[in-house]
Amino acid sequence: MVYCCCMERTGFHLLRFFIGITFVWIGILILQDPIGWSGYLEPWARNLLILPIEMTMMITGVFDVVVGVLFLLNLFVRWAGFLGALHIVVVLATSGLNEATIRDIGILGGTLALAFSAHLYKRFLFWRL
């Protein structure tokens, strides 16, 4: 039984780590080219924006980096999971079907899994895998 618990904990931390890397990486890419990434936004969604598109994308990039760092540092994983999942749902709704859709569906599943299981592993820090 100890083996099972250890394996589950390791799986949680691996998912948390790689989802965190993905959020940080995408956030950095968005910050490097906010206008290029804004091309994924559907025209109807652009019309709903209050801020200029470049500023909106910069905020999105920062948000992605923050969520990713929270995952990587094992801080507020439950909140990061729910916020990340909500963000991915908005991305899926506003970007339509494209080459990134399948990636976003996988990230959505991972963020939800982390959000719903974070309470089981909250006492374990990233350096205690």
# chains A, B, ... in the order shown; residues from 1 in each chain; ligands from 1
>>> select_by_dssp(residues="chain A", states="helix (DSSP H, G or I)", output="PyMOL selection string")
chain A and resi 2-32+34-38+43-46+53-72+77-95+101-120
>>> closest_atom_pairs(of="region 36-95 of chain A", to="region 8-17 of chain A", cutoff="10 Å", atoms="only C-alpha atoms", output="tab-separated table")
residue	atom	partner	partner_atom	distance
A:Gly68	CA	A:Phe17	CA	8.6
A:Val69	CA	A:Phe17	CA	9.4
A:Leu70	CA	A:Arg16	CA	9.4
A:Phe71	CA	A:Arg16	CA	5.6
A:Leu72	CA	A:Phe17	CA	5.3
A:Leu73	CA	A:Phe17	CA	8.6
A:Asn74	CA	A:Arg16	CA	7.7
A:Val77	CA	A:Arg16	CA	8.2
A:Gly81	CA	A:Arg16	CA	9.2
>>> write_last_selection(atoms="N, CA and C atoms", output="PDB file, in the first residue's frame")
ATOM      1  N   GLY A  68       1.732  29.198 -13.773  1.00  0.00           N
ATOM      2  CA  GLY A  68       2.785  28.193 -13.924  1.00  0.00           C
ATOM      3  C   GLY A  68       3.749  28.171 -12.755  1.00  0.00           C
ATOM      4  N   VAL A  69       4.140  29.337 -12.276  1.00  0.00           N
ATOM      5  CA  VAL A  69       5.056  29.416 -11.133  1.00  0.00           C
ATOM      6  C   VAL A  69       4.396  28.853  -9.875  1.00  0.00           C
ATOM      7  N   LEU A  70       3.112  29.132  -9.690  1.00  0.00           N
ATOM      8  CA  LEU A  70       2.404  28.561  -8.537  1.00  0.00           C
ATOM      9  C   LEU A  70       2.429  27.034  -8.592  1.00  0.00           C
ATOM     10  N   PHE A  71       2.213  26.477  -9.765  1.00  0.00           N
ATOM     11  CA  PHE A  71       2.295  25.018  -9.914  1.00  0.00           C
ATOM     12  C   PHE A  71       3.710  24.530  -9.615  1.00  0.00           C
ATOM     13  N   LEU A  72       4.699  25.188 -10.179  1.00  0.00           N
ATOM     14  CA  LEU A  72       6.083  24.741 -10.005  1.00  0.00           C
ATOM     15  C   LEU A  72       6.532  24.796  -8.553  1.00  0.00           C
ATOM     16  N   LEU A  73       6.085  25.796  -7.826  1.00  0.00           N
ATOM     17  CA  LEU A  73       6.486  25.949  -6.427  1.00  0.00           C
ATOM     18  C   LEU A  73       5.553  25.235  -5.459  1.00  0.00           C
ATOM     19  N   ASN A  74       4.544  24.564  -5.995  1.00  0.00           N
ATOM     20  CA  ASN A  74       3.570  23.830  -5.183  1.00  0.00           C
ATOM     21  C   ASN A  74       2.862  24.761  -4.189  1.00  0.00           C
ATOM     22  N   VAL A  77      -1.952  25.276  -5.174  1.00  0.00           N
ATOM     23  CA  VAL A  77      -2.169  24.430  -6.353  1.00  0.00           C
ATOM     24  C   VAL A  77      -3.650  24.310  -6.682  1.00  0.00           C
ATOM     25  N   GLY A  81      -5.028  25.542 -10.110  1.00  0.00           N
ATOM     26  CA  GLY A  81      -5.721  24.594 -10.973  1.00  0.00           C
ATOM     27  C   GLY A  81      -7.055  25.121 -11.466  1.00  0.00           C
TER      28      GLY A  81
END
>>> residues_around(residues="Ala118 (chain A)", least_positions_apart="2", cutoff="9 Å", atoms="only C-alpha atoms", output="list in words")
Phe12, Phe76, Val77, Arg78, Gly81, Ala113, Leu114, Ala115, Phe116, Leu120, Tyr121 and Lys122 of chain A
>>> residues_around(residues="Val67 (chain A)", least_positions_apart="3", cutoff="8 Å", atoms="only C-alpha atoms", output="number ranges by chain")
A: 20, 23-24, 63-64, 70-71, 80, 83-84
>>> write_last_selection(atoms="N, CA, C and O atoms", output="PDB file, in the first residue's frame")
ATOM      1  N   GLY A  20       2.963  23.147 -14.974  1.00  0.00           N
ATOM      2  CA  GLY A  20       3.597  24.412 -14.609  1.00  0.00           C
ATOM      3  C   GLY A  20       4.570  24.894 -15.675  1.00  0.00           C
ATOM      4  O   GLY A  20       4.555  26.071 -16.061  1.00  0.00           O
ATOM      5  N   PHE A  23       2.550  26.240 -18.674  1.00  0.00           N
ATOM      6  CA  PHE A  23       1.995  27.579 -18.457  1.00  0.00           C
ATOM      7  C   PHE A  23       3.078  28.647 -18.519  1.00  0.00           C
ATOM      8  O   PHE A  23       2.892  29.700 -19.141  1.00  0.00           O
ATOM      9  N   VAL A  24       4.212  28.407 -17.873  1.00  0.00           N
ATOM     10  CA  VAL A  24       5.293  29.393 -17.889  1.00  0.00           C
ATOM     11  C   VAL A  24       5.793  29.599 -19.319  1.00  0.00           C
ATOM     12  O   VAL A  24       5.977  30.739 -19.770  1.00  0.00           O
ATOM     13  N   PHE A  63      -0.408  36.355 -16.542  1.00  0.00           N
ATOM     14  CA  PHE A  63      -1.284  35.426 -15.835  1.00  0.00           C
ATOM     15  C   PHE A  63      -0.792  33.994 -15.999  1.00  0.00           C
ATOM     16  O   PHE A  63      -0.700  33.233 -15.030  1.00  0.00           O
ATOM     17  N   ASP A  64      -0.456  33.614 -17.232  1.00  0.00           N
ATOM     18  CA  ASP A  64       0.041  32.260 -17.494  1.00  0.00           C
ATOM     19  C   ASP A  64       1.323  31.983 -16.715  1.00  0.00           C
ATOM     20  O   ASP A  64       1.485  30.902 -16.138  1.00  0.00           O
ATOM     21  N   LEU A  70       3.112  29.132  -9.690  1.00  0.00           N
ATOM     22  CA  LEU A  70       2.404  28.561  -8.537  1.00  0.00           C
ATOM     23  C   LEU A  70       2.429  27.034  -8.592  1.00  0.00           C
ATOM     24  O   LEU A  70       2.651  26.373  -7.573  1.00  0.00           O
ATOM     25  N   PHE A  71       2.213  26.477  -9.765  1.00  0.00           N
ATOM     26  CA  PHE A  71       2.295  25.018  -9.914  1.00  0.00           C
ATOM     27  C   PHE A  71       3.710  24.530  -9.615  1.00  0.00           C
ATOM     28  O   PHE A  71       3.895  23.556  -8.881  1.00  0.00           O
ATOM     29  N   ALA A  80      -4.584  27.585  -8.298  1.00  0.00           N
ATOM     30  CA  ALA A  80      -3.925  27.653  -9.608  1.00  0.00           C
ATOM     31  C   ALA A  80      -4.620  26.720 -10.594  1.00  0.00           C
ATOM     32  O   ALA A  80      -4.803  27.065 -11.767  1.00  0.00           O
ATOM     33  N   LEU A  83      -8.078  28.336 -11.503  1.00  0.00           N
ATOM     34  CA  LEU A  83      -7.864  29.526 -12.340  1.00  0.00           C
ATOM     35  C   LEU A  83      -7.308  29.147 -13.707  1.00  0.00           C
ATOM     36  O   LEU A  83      -7.725  29.698 -14.733  1.00  0.00           O
ATOM     37  N   GLY A  84      -6.373  28.202 -13.716  1.00  0.00           N
ATOM     38  CA  GLY A  84      -5.827  27.732 -14.988  1.00  0.00           C
ATOM     39  C   GLY A  84      -6.893  27.072 -15.852  1.00  0.00           C
ATOM     40  O   GLY A  84      -6.956  27.291 -17.062  1.00  0.00           O
TER      41      GLY A  84
END
>>> residues_around(residues="region 25-33 of chain A", least_positions_apart="5", cutoff="10 Å", atoms="only C-alpha atoms", output="ChimeraX atom specification")
/A:19-20,38,54-55,57-68
>>> write_last_selection(atoms="N, CA, C and O atoms", output="compact mmCIF listing (two decimals), in the first residue's frame")
# COMPACT_ATOMS: atom_id res chain seq x y z
N ILE A 19 2.67 20.65 -16.12
CA ILE A 19 1.65 21.67 -16.40
C ILE A 19 2.21 23.05 -16.07
O ILE A 19 1.99 24.03 -16.80
N GLY A 20 2.96 23.15 -14.97
CA GLY A 20 3.60 24.41 -14.61
C GLY A 20 4.57 24.89 -15.68
O GLY A 20 4.56 26.07 -16.06
N SER A 38 -2.26 37.18 -30.54
CA SER A 38 -3.62 37.70 -30.62
C SER A 38 -4.33 37.21 -31.88
O SER A 38 -5.56 37.27 -31.97
N GLU A 54 -3.03 44.32 -27.49
CA GLU A 54 -1.67 44.05 -27.03
C GLU A 54 -1.60 44.00 -25.50
O GLU A 54 -0.97 43.12 -24.93
N MET A 55 -2.26 44.92 -24.84
CA MET A 55 -2.27 44.94 -23.38
C MET A 55 -2.99 43.71 -22.83
O MET A 55 -2.56 43.11 -21.84
N MET A 57 -3.20 40.79 -24.21
CA MET A 57 -2.33 39.63 -24.39
C MET A 57 -1.16 39.66 -23.40
O MET A 57 -0.74 38.61 -22.91
N MET A 58 -0.66 40.84 -23.08
CA MET A 58 0.42 40.95 -22.09
C MET A 58 -0.10 40.50 -20.72
O MET A 58 0.60 39.78 -20.00
N ILE A 59 -1.30 40.90 -20.36
CA ILE A 59 -1.90 40.47 -19.10
C ILE A 59 -2.09 38.96 -19.11
O ILE A 59 -1.82 38.28 -18.11
N THR A 60 -2.50 38.42 -20.24
CA THR A 60 -2.67 36.97 -20.37
C THR A 60 -1.33 36.26 -20.18
O THR A 60 -1.26 35.24 -19.49
N GLY A 61 -0.28 36.79 -20.78
CA GLY A 61 1.05 36.19 -20.62
C GLY A 61 1.52 36.20 -19.18
O GLY A 61 2.04 35.19 -18.68
N VAL A 62 1.34 37.31 -18.51
CA VAL A 62 1.72 37.40 -17.09
C VAL A 62 0.89 36.43 -16.27
O VAL A 62 1.42 35.73 -15.38
N PHE A 63 -0.41 36.35 -16.54
CA PHE A 63 -1.28 35.43 -15.83
C PHE A 63 -0.79 33.99 -16.00
O PHE A 63 -0.70 33.23 -15.03
N ASP A 64 -0.46 33.61 -17.23
CA ASP A 64 0.04 32.26 -17.49
C ASP A 64 1.32 31.98 -16.72
O ASP A 64 1.48 30.90 -16.14
N VAL A 65 2.24 32.94 -16.70
CA VAL A 65 3.50 32.75 -15.97
C VAL A 65 3.23 32.59 -14.48
O VAL A 65 3.80 31.71 -13.82
N VAL A 66 2.35 33.42 -13.92
CA VAL A 66 2.04 33.34 -12.49
C VAL A 66 1.42 31.98 -12.14
O VAL A 66 1.83 31.33 -11.17
N VAL A 67 0.45 31.54 -12.92
CA VAL A 67 -0.17 30.23 -12.67
C VAL A 67 0.88 29.13 -12.77
O VAL A 67 0.95 28.24 -11.91
N GLY A 68 1.73 29.20 -13.77
CA GLY A 68 2.78 28.19 -13.92
C GLY A 68 3.75 28.17 -12.76
O GLY A 68 4.14 27.10 -12.27
>>> atom_distance(atom1="CA of Val89 (chain A)", atom2="CA of Ala45 (chain A)")
13.5 Å
>>> atom_distance(atom1="CA of Ser95 (chain A)", atom2="CA of Phe18 (chain A)")
23.2 Å
>>> atom_distance(atom1="CA of Ala100 (chain A)", atom2="CA of Tyr40 (chain A)")
9.3 Å
>>> residues_around(residues="Ile88 (chain A)", least_positions_apart="5", cutoff="8 Å", atoms="only C-alpha atoms", output="VMD selection string")
chain A and resid 104 to 105 107 to 108
>>> closest_residue(among="A:Leu49, A:Ala85, A:Leu92, A:Ile35", to="Thr111 (chain A)", atoms="only C-alpha atoms")
A:Ala85
